[in-house]
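The next block holds one structure in the form of structure tokens; read it before the comments.
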Amino acid sequence: MVSGALQIAGLVVGGIGLVGTFAITGMPQWRVSAFIENNIIVFETIWEGLWMQCIRQANIRMQCKVYDSLLALSPDLQAARGLMCSASALSFLALMIAIIGMKCITCAENNVRAKGYILLTAGILLIVSGIVVLIPVCWVANSIIRDFYNPAVNVAQKRELGEALYIGWVSAFCLIAGGVIFCCFCPCEGKNRRYRYSAPSQQTRYKTYTERKTESSYSKSQYV
């Protein structure tokens with residue numbers, strides 16, 4: 001009962017991480033225009049994502065444009081594209097494998113050991129996908145912070161951390177947590193206890209024979 005509830009909890013946590021990974025892969029709010037100096041009232045907000053750039057004007061109108069070329073992007077966004085697509089595929093595959101290995105699913109002929117290995121595989125894939133999500137999110141965040149405090153960068157080109165980065169950190173944590181939960185069901189190979197027959201020694205035989213002889217003599221004396 002406890003193991004089944006724990007498996008469901010791992011599936012739910014991993015599912016949240018999967019949804020978050022899909023969401024941040026398509027969200028344009030990776031880099032957001034920064035409000036610096038005297039820009040108290042700003043009529044335009046710039047969003048930069050992995051696939052497009054959006055401009056929102058006075059919270060009324062928003063225009064988005066897909067990037068014309070991959071090579072025109074910065075190295076962190078170029079790497080983030082491939083890594084986020086890989087993380088999405090890995091996390092989806094891991095959850096499908098985890099569903100097969102769950103206790104409530106009649107698969108693998110209800111073999112506990114086989115299902116344990118299936119859940120272990122799913123847990124490892126979830127942990128790897130969480131690490132893959134962390135790499136581009138932390139890389140982009142580091143480049144934003146570095147450029148923000150760099151005096152050589154123009155004020156109009158400075159950006160702030162977008163909502164997608166915060167969702168990415170939460171999603172990575174959920175994926176890793178779900179993977180750890182599934183790894184707890186690893187089948188521990190216990191040592192097979194083998195009882196070997198050892199022939200009694202000559203001294204043991206003599207003691208056994210003496211005890212039996214004494215018991216038989218004592219029984220005869222009682223009977224007389």
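Just so we're on the same page: first chain in the structure tokens is A, next is B, and so on; residues restart at 1 for each chain, and ligands are numbered from 1 in the order they show up.
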
Need to verify the contact set: Gly130 in chain A, 9 Å, only C-alpha atoms, exclusion of same-chain residues closer than 5 positions in sequence. Can you return it as a PDB file with all heavy atoms, in the first residue's frame?
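Resulting contents of out21.pdb:
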```pdb
ATOM      1  N   GLY A  17       7.119  18.011 -13.437  1.00  0.00           N
ATOM      2  CA  GLY A  17       8.366  18.397 -14.083  1.00  0.00           C
ATOM      3  C   GLY A  17       8.296  18.295 -15.590  1.00  0.00           C
ATOM      4  O   GLY A  17       8.857  19.133 -16.315  1.00  0.00           O
ATOM      5  N   ALA A  87      15.765  17.124 -23.145  1.00  0.00           N
ATOM      6  CA  ALA A  87      15.164  16.930 -21.826  1.00  0.00           C
ATOM      7  C   ALA A  87      13.685  16.588 -21.927  1.00  0.00           C
ATOM      8  O   ALA A  87      13.174  15.750 -21.172  1.00  0.00           O
ATOM      9  CB  ALA A  87      15.365  18.185 -20.982  1.00  0.00           C
ATOM     10  N   SER A  91      12.360  13.050 -20.448  1.00  0.00           N
ATOM     11  CA  SER A  91      11.377  13.024 -19.360  1.00  0.00           C
ATOM     12  C   SER A  91      10.096  12.317 -19.793  1.00  0.00           C
ATOM     13  O   SER A  91       9.486  11.566 -19.006  1.00  0.00           O
ATOM     14  CB  SER A  91      11.074  14.451 -18.904  1.00  0.00           C
ATOM     15  OG  SER A  91      10.623  15.243 -19.994  1.00  0.00           O
ATOM     16  N   LEU A 125      16.533   7.975 -15.802  1.00  0.00           N
ATOM     17  CA  LEU A 125      16.224   8.865 -16.921  1.00  0.00           C
ATOM     18  C   LEU A 125      15.645  10.191 -16.439  1.00  0.00           C
ATOM     19  O   LEU A 125      15.950  11.255 -16.999  1.00  0.00           O
ATOM     20  CB  LEU A 125      15.247   8.179 -17.877  1.00  0.00           C
ATOM     21  CG  LEU A 125      15.813   7.021 -18.713  1.00  0.00           C
ATOM     22  CD1 LEU A 125      14.716   6.398 -19.564  1.00  0.00           C
ATOM     23  CD2 LEU A 125      16.960   7.504 -19.594  1.00  0.00           C
ATOM     24  N   ILE A 135      21.107  22.626 -16.955  1.00  0.00           N
ATOM     25  CA  ILE A 135      22.264  23.172 -17.678  1.00  0.00           C
ATOM     26  C   ILE A 135      21.896  24.418 -18.480  1.00  0.00           C
ATOM     27  O   ILE A 135      22.518  25.484 -18.293  1.00  0.00           O
ATOM     28  CB  ILE A 135      22.898  22.086 -18.560  1.00  0.00           C
ATOM     29  CG1 ILE A 135      23.508  20.984 -17.686  1.00  0.00           C
ATOM     30  CG2 ILE A 135      23.969  22.690 -19.470  1.00  0.00           C
ATOM     31  CD1 ILE A 135      24.031  19.795 -18.472  1.00  0.00           C
ATOM     32  N   SER A 171      10.948  22.892 -12.354  1.00  0.00           N
ATOM     33  CA  SER A 171      10.746  21.677 -13.147  1.00  0.00           C
ATOM     34  C   SER A 171      11.917  20.710 -12.988  1.00  0.00           C
ATOM     35  O   SER A 171      11.719  19.499 -12.862  1.00  0.00           O
ATOM     36  CB  SER A 171      10.561  22.039 -14.620  1.00  0.00           C
ATOM     37  OG  SER A 171       9.465  22.903 -14.794  1.00  0.00           O
ATOM     38  N   ALA A 172      13.130  21.241 -12.985  1.00  0.00           N
ATOM     39  CA  ALA A 172      14.307  20.383 -12.794  1.00  0.00           C
ATOM     40  C   ALA A 172      14.286  19.722 -11.424  1.00  0.00           C
ATOM     41  O   ALA A 172      14.610  18.529 -11.282  1.00  0.00           O
ATOM     42  CB  ALA A 172      15.575  21.205 -12.972  1.00  0.00           C
ATOM     43  N   PHE A 173      13.883  20.482 -10.405  1.00  0.00           N
ATOM     44  CA  PHE A 173      13.785  19.902  -9.059  1.00  0.00           C
ATOM     45  C   PHE A 173      12.732  18.795  -9.021  1.00  0.00           C
ATOM     46  O   PHE A 173      12.956  17.735  -8.408  1.00  0.00           O
ATOM     47  CB  PHE A 173      13.437  21.001  -8.053  1.00  0.00           C
ATOM     48  CG  PHE A 173      13.145  20.487  -6.672  1.00  0.00           C
ATOM     49  CD1 PHE A 173      14.176  20.085  -5.833  1.00  0.00           C
ATOM     50  CD2 PHE A 173      11.837  20.385  -6.216  1.00  0.00           C
ATOM     51  CE1 PHE A 173      13.908  19.591  -4.565  1.00  0.00           C
ATOM     52  CE2 PHE A 173      11.562  19.905  -4.947  1.00  0.00           C
ATOM     53  CZ  PHE A 173      12.604  19.509  -4.118  1.00  0.00           C
ATOM     54  N   CYS A 174      11.604  19.003  -9.670  1.00  0.00           N
ATOM     55  CA  CYS A 174      10.552  17.984  -9.688  1.00  0.00           C
ATOM     56  C   CYS A 174      11.011  16.723 -10.424  1.00  0.00           C
ATOM     57  O   CYS A 174      10.736  15.598  -9.986  1.00  0.00           O
ATOM     58  CB  CYS A 174       9.285  18.542 -10.334  1.00  0.00           C
ATOM     59  SG  CYS A 174       8.447  19.819  -9.365  1.00  0.00           S
ATOM     60  N   LEU A 175      11.708  16.897 -11.528  1.00  0.00           N
ATOM     61  CA  LEU A 175      12.203  15.731 -12.273  1.00  0.00           C
ATOM     62  C   LEU A 175      13.203  14.930 -11.447  1.00  0.00           C
ATOM     63  O   LEU A 175      13.141  13.702 -11.396  1.00  0.00           O
ATOM     64  CB  LEU A 175      12.840  16.191 -13.582  1.00  0.00           C
ATOM     65  CG  LEU A 175      11.892  16.733 -14.660  1.00  0.00           C
ATOM     66  CD1 LEU A 175      12.679  17.295 -15.837  1.00  0.00           C
ATOM     67  CD2 LEU A 175      10.935  15.657 -15.137  1.00  0.00           C
ATOM     68  N   ILE A 176      14.120  15.629 -10.809  1.00  0.00           N
ATOM     69  CA  ILE A 176      15.117  14.929  -9.992  1.00  0.00           C
ATOM     70  C   ILE A 176      14.460  14.256  -8.793  1.00  0.00           C
ATOM     71  O   ILE A 176      14.791  13.113  -8.435  1.00  0.00           O
ATOM     72  CB  ILE A 176      16.212  15.908  -9.548  1.00  0.00           C
ATOM     73  CG1 ILE A 176      16.993  16.409 -10.775  1.00  0.00           C
ATOM     74  CG2 ILE A 176      17.165  15.247  -8.564  1.00  0.00           C
ATOM     75  CD1 ILE A 176      18.017  17.470 -10.462  1.00  0.00           C
ATOM     76  N   ALA A 177      13.502  14.934  -8.163  1.00  0.00           N
ATOM     77  CA  ALA A 177      12.798  14.349  -7.014  1.00  0.00           C
ATOM     78  C   ALA A 177      12.019  13.108  -7.435  1.00  0.00           C
ATOM     79  O   ALA A 177      12.030  12.073  -6.740  1.00  0.00           O
ATOM     80  CB  ALA A 177      11.868  15.384  -6.387  1.00  0.00           C
ATOM     81  N   GLY A 179      12.703  11.184  -9.958  1.00  0.00           N
ATOM     82  CA  GLY A 179      13.677  10.144 -10.251  1.00  0.00           C
ATOM     83  C   GLY A 179      14.220   9.480  -9.000  1.00  0.00           C
ATOM     84  O   GLY A 179      14.409   8.257  -8.961  1.00  0.00           O
TER      85      GLY A 179
END
```

Selected residue, from A:Leu73, A:Cys186, A:Val140, A:Cys54, that lies nearest to Ala114 in chain A when counting only C-alpha atoms: A:Cys186

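With only C-alpha atoms as the atoms that count, the minimum distance from Ile127 in chain A to the choices A:Ile46, A:Ala9, A:Val155, A:Leu18 is reached by A:Leu18.
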
Could you give me, as number ranges by chain, each residue of range 91-191 of chain A that DSSP assigns to helix (DSSP H, G or I) when run on this structure's backbone? A: 91-100, 108-110, 112-148, 155-157, 163-183

Please indicate the distance in Å from CA of Ile145 in chain A to CA of Leu161 in chain A, rounded to one decimal place.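 So the answer is 8.1 Å.
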
Determine which residues of range 59-172 of chain A receive a DSSP assignment of strand (DSSP E or B), computed from the backbone, and state them as a JSON list (two decimals) with all heavy atoms, in the first residue's frame.
```json
[["chain", "number", "residue", "atom", "x", "y", "z"],
["A", 61, "ARG", "N", -1.17, 45.08, -26.84],
["A", 61, "ARG", "CA", -0.85, 44.43, -28.10],
["A", 61, "ARG", "C", 0.50, 43.74, -27.98],
["A", 61, "ARG", "O", 1.44, 44.28, -27.40],
["A", 61, "ARG", "CB", -0.82, 45.48, -29.23],
["A", 61, "ARG", "CG", -0.57, 44.91, -30.61],
["A", 61, "ARG", "CD", -0.56, 46.04, -31.62],
["A", 61, "ARG", "NE", -0.29, 45.54, -32.97],
["A", 61, "ARG", "CZ", -0.13, 46.32, -34.02],
["A", 61, "ARG", "NH1", -0.23, 47.65, -33.88],
["A", 61, "ARG", "NH2", 0.10, 45.80, -35.21],
["A", 62, "MET", "N", 0.57, 42.55, -28.54],
["A", 62, "MET", "CA", 1.82, 41.80, -28.50],
["A", 62, "MET", "C", 2.11, 41.24, -29.88],
["A", 62, "MET", "O", 1.23, 40.64, -30.51],
["A", 62, "MET", "CB", 1.76, 40.67, -27.47],
["A", 62, "MET", "CG", 3.08, 39.92, -27.32],
["A", 62, "MET", "SD", 3.06, 38.72, -25.98],
["A", 62, "MET", "CE", 1.82, 37.56, -26.58],
["A", 63, "GLN", "N", 3.32, 41.42, -30.33],
["A", 63, "GLN", "CA", 3.77, 40.90, -31.61],
["A", 63, "GLN", "C", 4.96, 39.98, -31.38],
["A", 63, "GLN", "O", 5.87, 40.31, -30.62],
["A", 63, "GLN", "CB", 4.17, 42.04, -32.56],
["A", 63, "GLN", "CG", 3.02, 42.94, -32.96],
["A", 63, "GLN", "CD", 3.46, 44.07, -33.86],
["A", 63, "GLN", "OE1", 4.65, 44.33, -34.02],
["A", 63, "GLN", "NE2", 2.50, 44.74, -34.49],
["A", 64, "CYS", "N", 4.93, 38.81, -32.03],
["A", 64, "CYS", "CA", 6.01, 37.84, -31.91],
["A", 64, "CYS", "C", 6.58, 37.53, -33.29],
["A", 64, "CYS", "O", 5.84, 37.48, -34.28],
["A", 64, "CYS", "CB", 5.51, 36.55, -31.26],
["A", 64, "CYS", "SG", 4.96, 36.76, -29.55],
["A", 65, "LYS", "N", 7.88, 37.32, -33.33],
["A", 65, "LYS", "CA", 8.56, 37.01, -34.58],
["A", 65, "LYS", "C", 9.53, 35.86, -34.33],
["A", 65, "LYS", "O", 10.34, 35.91, -33.40],
["A", 65, "LYS", "CB", 9.32, 38.23, -35.11],
["A", 65, "LYS", "CG", 10.04, 37.95, -36.42],
["A", 65, "LYS", "CD", 10.81, 39.18, -36.88],
["A", 65, "LYS", "CE", 11.56, 38.87, -38.17],
["A", 65, "LYS", "NZ", 12.36, 40.04, -38.64],
["A", 66, "VAL", "N", 9.44, 34.84, -35.16],
["A", 66, "VAL", "CA", 10.33, 33.69, -35.05],
["A", 66, "VAL", "C", 11.71, 34.10, -35.55],
["A", 66, "VAL", "O", 11.85, 34.88, -36.50],
["A", 66, "VAL", "CB", 9.78, 32.50, -35.87],
["A", 66, "VAL", "CG1", 10.71, 31.30, -35.76],
["A", 66, "VAL", "CG2", 8.38, 32.14, -35.39],
["A", 159, "ARG", "N", 19.22, 42.61, -20.03],
["A", 159, "ARG", "CA", 18.00, 41.85, -19.79],
["A", 159, "ARG", "C", 17.94, 41.38, -18.34],
["A", 159, "ARG", "O", 18.94, 41.37, -17.62],
["A", 159, "ARG", "CB", 17.92, 40.64, -20.73],
["A", 159, "ARG", "CG", 17.89, 41.01, -22.22],
["A", 159, "ARG", "CD", 16.57, 41.67, -22.57],
["A", 159, "ARG", "NE", 16.49, 41.96, -24.00],
["A", 159, "ARG", "CZ", 16.78, 43.15, -24.54],
["A", 159, "ARG", "NH1", 17.19, 44.16, -23.76],
["A", 159, "ARG", "NH2", 16.68, 43.33, -25.85],
["A", 160, "GLU", "N", 16.74, 40.96, -17.94],
["A", 160, "GLU", "CA", 16.52, 40.39, -16.62],
["A", 160, "GLU", "C", 16.06, 38.94, -16.75],
["A", 160, "GLU", "O", 15.71, 38.49, -17.85],
["A", 160, "GLU", "CB", 15.47, 41.19, -15.85],
["A", 160, "GLU", "CG", 15.93, 42.58, -15.44],
["A", 160, "GLU", "CD", 14.88, 43.31, -14.64],
["A", 160, "GLU", "OE1", 13.75, 42.79, -14.55],
["A", 160, "GLU", "OE2", 15.19, 44.40, -14.12],
["A", 161, "LEU", "N", 16.06, 38.24, -15.63],
["A", 161, "LEU", "CA", 15.64, 36.84, -15.61],
["A", 161, "LEU", "C", 14.14, 36.75, -15.88],
["A", 161, "LEU", "O", 13.34, 37.41, -15.20],
["A", 161, "LEU", "CB", 15.97, 36.18, -14.28],
["A", 161, "LEU", "CG", 17.44, 36.22, -13.84],
["A", 161, "LEU", "CD1", 17.60, 35.57, -12.48],
["A", 161, "LEU", "CD2", 18.33, 35.53, -14.86]]
```

Check which residues of range 76-148 of chain A sit at most 9 Å from range 20-34 of chain A using only C-alpha atoms, and return one row each with the closest pair of atoms and their distance in Å to one decimal, ordered by chain and rising number, as a Markdown table.
```
| residue | atom | partner | partner_atom | distance |
| --- | --- | --- | --- | --- |
| A:Ala80 | CA | A:Thr25 | CA | 8.8 |
| A:Arg81 | CA | A:Thr25 | CA | 7.7 |
| A:Met84 | CA | A:Thr25 | CA | 6.1 |
| A:Cys85 | CA | A:Thr25 | CA | 7.3 |
| A:Ala87 | CA | A:Thr21 | CA | 7.4 |
| A:Ser88 | CA | A:Thr21 | CA | 6.1 |
| A:Ser91 | CA | A:Thr21 | CA | 8.4 |
| A:Val133 | CA | A:Thr21 | CA | 7.5 |
| A:Val137 | CA | A:Trp30 | CA | 8.7 |
| A:Val140 | CA | A:Trp30 | CA | 8.0 |
| A:Ala141 | CA | A:Trp30 | CA | 8.7 |
| A:Ile144 | CA | A:Arg31 | CA | 7.6 |
| A:Phe148 | CA | A:Ala34 | CA | 8.7 |
```

What is the distance between CA of Met96 in chain A and CA of Leu11 in chain A, in Å to one decimal?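 About the pair CA of Met96 in chain A and CA of Leu11 in chain A: they are 9.8 Å apart.
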
To one decimal place, how far is CA of Val153 in chain A from CA of Tyr166 in chain A in Å? 24.1 Å

Which polymer residues have any atom within 9 Å of an atom of Ile118 in chain A, counting only C-alpha atoms, with same-chain residues fewer than 3 positions away left out, as a ChimeraX atom specification? /A:97-98,100-102,113-115,121-123,186

Writing out the chosen residues with all heavy atoms as a PDB file, in the first residue's frame:
```pdb
ATOM      1  N   ILE A  97       8.031   4.751 -19.205  1.00  0.00           N
ATOM      2  CA  ILE A  97       8.643   3.556 -18.613  1.00  0.00           C
ATOM      3  C   ILE A  97       8.175   3.375 -17.176  1.00  0.00           C
ATOM      4  O   ILE A  97       7.921   2.253 -16.716  1.00  0.00           O
ATOM      5  CB  ILE A  97      10.175   3.660 -18.687  1.00  0.00           C
ATOM      6  CG1 ILE A  97      10.634   3.658 -20.154  1.00  0.00           C
ATOM      7  CG2 ILE A  97      10.838   2.509 -17.942  1.00  0.00           C
ATOM      8  CD1 ILE A  97      12.122   3.869 -20.328  1.00  0.00           C
ATOM      9  N   ALA A  98       8.057   4.493 -16.437  1.00  0.00           N
ATOM     10  CA  ALA A  98       7.607   4.410 -15.045  1.00  0.00           C
ATOM     11  C   ALA A  98       6.180   3.880 -14.950  1.00  0.00           C
ATOM     12  O   ALA A  98       5.850   3.114 -14.039  1.00  0.00           O
ATOM     13  CB  ALA A  98       7.713   5.780 -14.383  1.00  0.00           C
ATOM     14  N   ILE A 100       4.781   1.753 -16.948  1.00  0.00           N
ATOM     15  CA  ILE A 100       4.833   0.306 -17.182  1.00  0.00           C
ATOM     16  C   ILE A 100       5.253  -0.437 -15.917  1.00  0.00           C
ATOM     17  O   ILE A 100       4.774  -1.532 -15.622  1.00  0.00           O
ATOM     18  CB  ILE A 100       5.792  -0.002 -18.346  1.00  0.00           C
ATOM     19  CG1 ILE A 100       5.248   0.605 -19.646  1.00  0.00           C
ATOM     20  CG2 ILE A 100       5.988  -1.503 -18.518  1.00  0.00           C
ATOM     21  CD1 ILE A 100       6.194   0.462 -20.817  1.00  0.00           C
ATOM     22  N   GLY A 101       6.193   0.149 -15.160  1.00  0.00           N
ATOM     23  CA  GLY A 101       6.712  -0.533 -13.981  1.00  0.00           C
ATOM     24  C   GLY A 101       5.951  -0.295 -12.703  1.00  0.00           C
ATOM     25  O   GLY A 101       6.369  -0.792 -11.651  1.00  0.00           O
ATOM     26  N   MET A 102       4.850   0.434 -12.738  1.00  0.00           N
ATOM     27  CA  MET A 102       4.120   0.700 -11.512  1.00  0.00           C
ATOM     28  C   MET A 102       3.399  -0.546 -11.013  1.00  0.00           C
ATOM     29  O   MET A 102       3.073  -1.453 -11.777  1.00  0.00           O
ATOM     30  CB  MET A 102       3.122   1.841 -11.731  1.00  0.00           C
ATOM     31  CG  MET A 102       3.782   3.189 -11.917  1.00  0.00           C
ATOM     32  SD  MET A 102       2.592   4.543 -11.949  1.00  0.00           S
ATOM     33  CE  MET A 102       1.990   4.500 -10.258  1.00  0.00           C
ATOM     34  N   ARG A 113      10.689  -8.087  -9.184  1.00  0.00           N
ATOM     35  CA  ARG A 113      12.070  -7.743  -9.504  1.00  0.00           C
ATOM     36  C   ARG A 113      12.164  -7.035 -10.852  1.00  0.00           C
ATOM     37  O   ARG A 113      12.883  -6.044 -11.006  1.00  0.00           O
ATOM     38  CB  ARG A 113      12.935  -8.996  -9.487  1.00  0.00           C
ATOM     39  CG  ARG A 113      14.414  -8.736  -9.727  1.00  0.00           C
ATOM     40  CD  ARG A 113      15.200 -10.004  -9.519  1.00  0.00           C
ATOM     41  NE  ARG A 113      15.169 -10.395  -8.119  1.00  0.00           N
ATOM     42  CZ  ARG A 113      16.031  -9.949  -7.205  1.00  0.00           C
ATOM     43  NH1 ARG A 113      16.963  -9.080  -7.557  1.00  0.00           N
ATOM     44  NH2 ARG A 113      15.959 -10.347  -5.966  1.00  0.00           N
ATOM     45  N   ALA A 114      11.423  -7.520 -11.845  1.00  0.00           N
ATOM     46  CA  ALA A 114      11.447  -6.887 -13.171  1.00  0.00           C
ATOM     47  C   ALA A 114      10.880  -5.473 -13.104  1.00  0.00           C
ATOM     48  O   ALA A 114      11.434  -4.544 -13.699  1.00  0.00           O
ATOM     49  CB  ALA A 114      10.656  -7.735 -14.163  1.00  0.00           C
ATOM     50  N   LYS A 115       9.793  -5.299 -12.360  1.00  0.00           N
ATOM     51  CA  LYS A 115       9.221  -3.958 -12.219  1.00  0.00           C
ATOM     52  C   LYS A 115      10.158  -3.028 -11.459  1.00  0.00           C
ATOM     53  O   LYS A 115      10.213  -1.826 -11.717  1.00  0.00           O
ATOM     54  CB  LYS A 115       7.870  -4.038 -11.506  1.00  0.00           C
ATOM     55  CG  LYS A 115       6.757  -4.590 -12.383  1.00  0.00           C
ATOM     56  CD  LYS A 115       5.408  -4.378 -11.751  1.00  0.00           C
ATOM     57  CE  LYS A 115       4.291  -4.747 -12.714  1.00  0.00           C
ATOM     58  NZ  LYS A 115       2.958  -4.446 -12.193  1.00  0.00           N
ATOM     59  N   THR A 121      15.222   2.211 -14.041  1.00  0.00           N
ATOM     60  CA  THR A 121      15.559   2.830 -15.326  1.00  0.00           C
ATOM     61  C   THR A 121      14.836   4.160 -15.503  1.00  0.00           C
ATOM     62  O   THR A 121      15.421   5.159 -15.937  1.00  0.00           O
ATOM     63  CB  THR A 121      15.196   1.884 -16.473  1.00  0.00           C
ATOM     64  OG1 THR A 121      15.867   0.625 -16.282  1.00  0.00           O
ATOM     65  CG2 THR A 121      15.609   2.463 -17.816  1.00  0.00           C
ATOM     66  N   ALA A 122      13.541   4.177 -15.147  1.00  0.00           N
ATOM     67  CA  ALA A 122      12.775   5.415 -15.249  1.00  0.00           C
ATOM     68  C   ALA A 122      13.328   6.490 -14.319  1.00  0.00           C
ATOM     69  O   ALA A 122      13.415   7.669 -14.687  1.00  0.00           O
ATOM     70  CB  ALA A 122      11.307   5.152 -14.930  1.00  0.00           C
ATOM     71  N   GLY A 123      13.727   6.093 -13.115  1.00  0.00           N
ATOM     72  CA  GLY A 123      14.288   7.065 -12.179  1.00  0.00           C
ATOM     73  C   GLY A 123      15.593   7.667 -12.670  1.00  0.00           C
ATOM     74  O   GLY A 123      15.822   8.874 -12.554  1.00  0.00           O
ATOM     75  N   CYS A 186      14.641   0.170  -6.268  1.00  0.00           N
ATOM     76  CA  CYS A 186      15.661  -0.703  -6.863  1.00  0.00           C
ATOM     77  C   CYS A 186      15.652  -2.049  -6.149  1.00  0.00           C
ATOM     78  O   CYS A 186      15.729  -2.103  -4.920  1.00  0.00           O
ATOM     79  CB  CYS A 186      17.032  -0.048  -6.738  1.00  0.00           C
ATOM     80  SG  CYS A 186      18.391  -1.099  -7.267  1.00  0.00           S
TER      81      CYS A 186
END
```

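Proximity ranking of A:Leu119, A:Leu134, A:Gln57, A:Trp139 relative to Gln78 in chain A places A:Trp139 first, based on only C-alpha atoms.
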
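Each of A:Ser69, A:Ser129, A:Ser74, A:Ser3 was checked against Ala94 in chain A using only C-alpha atoms; the smallest atom-to-atom distance is that of A:Ser129.
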
I need the residue nearest Ile167 in chain A from this list: A:Cys138, A:Leu6, A:Leu83, A:Leu90. Use only C-alpha atoms for the distance.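 Result for the nearest residue to Ile167 in chain A: A:Cys138.
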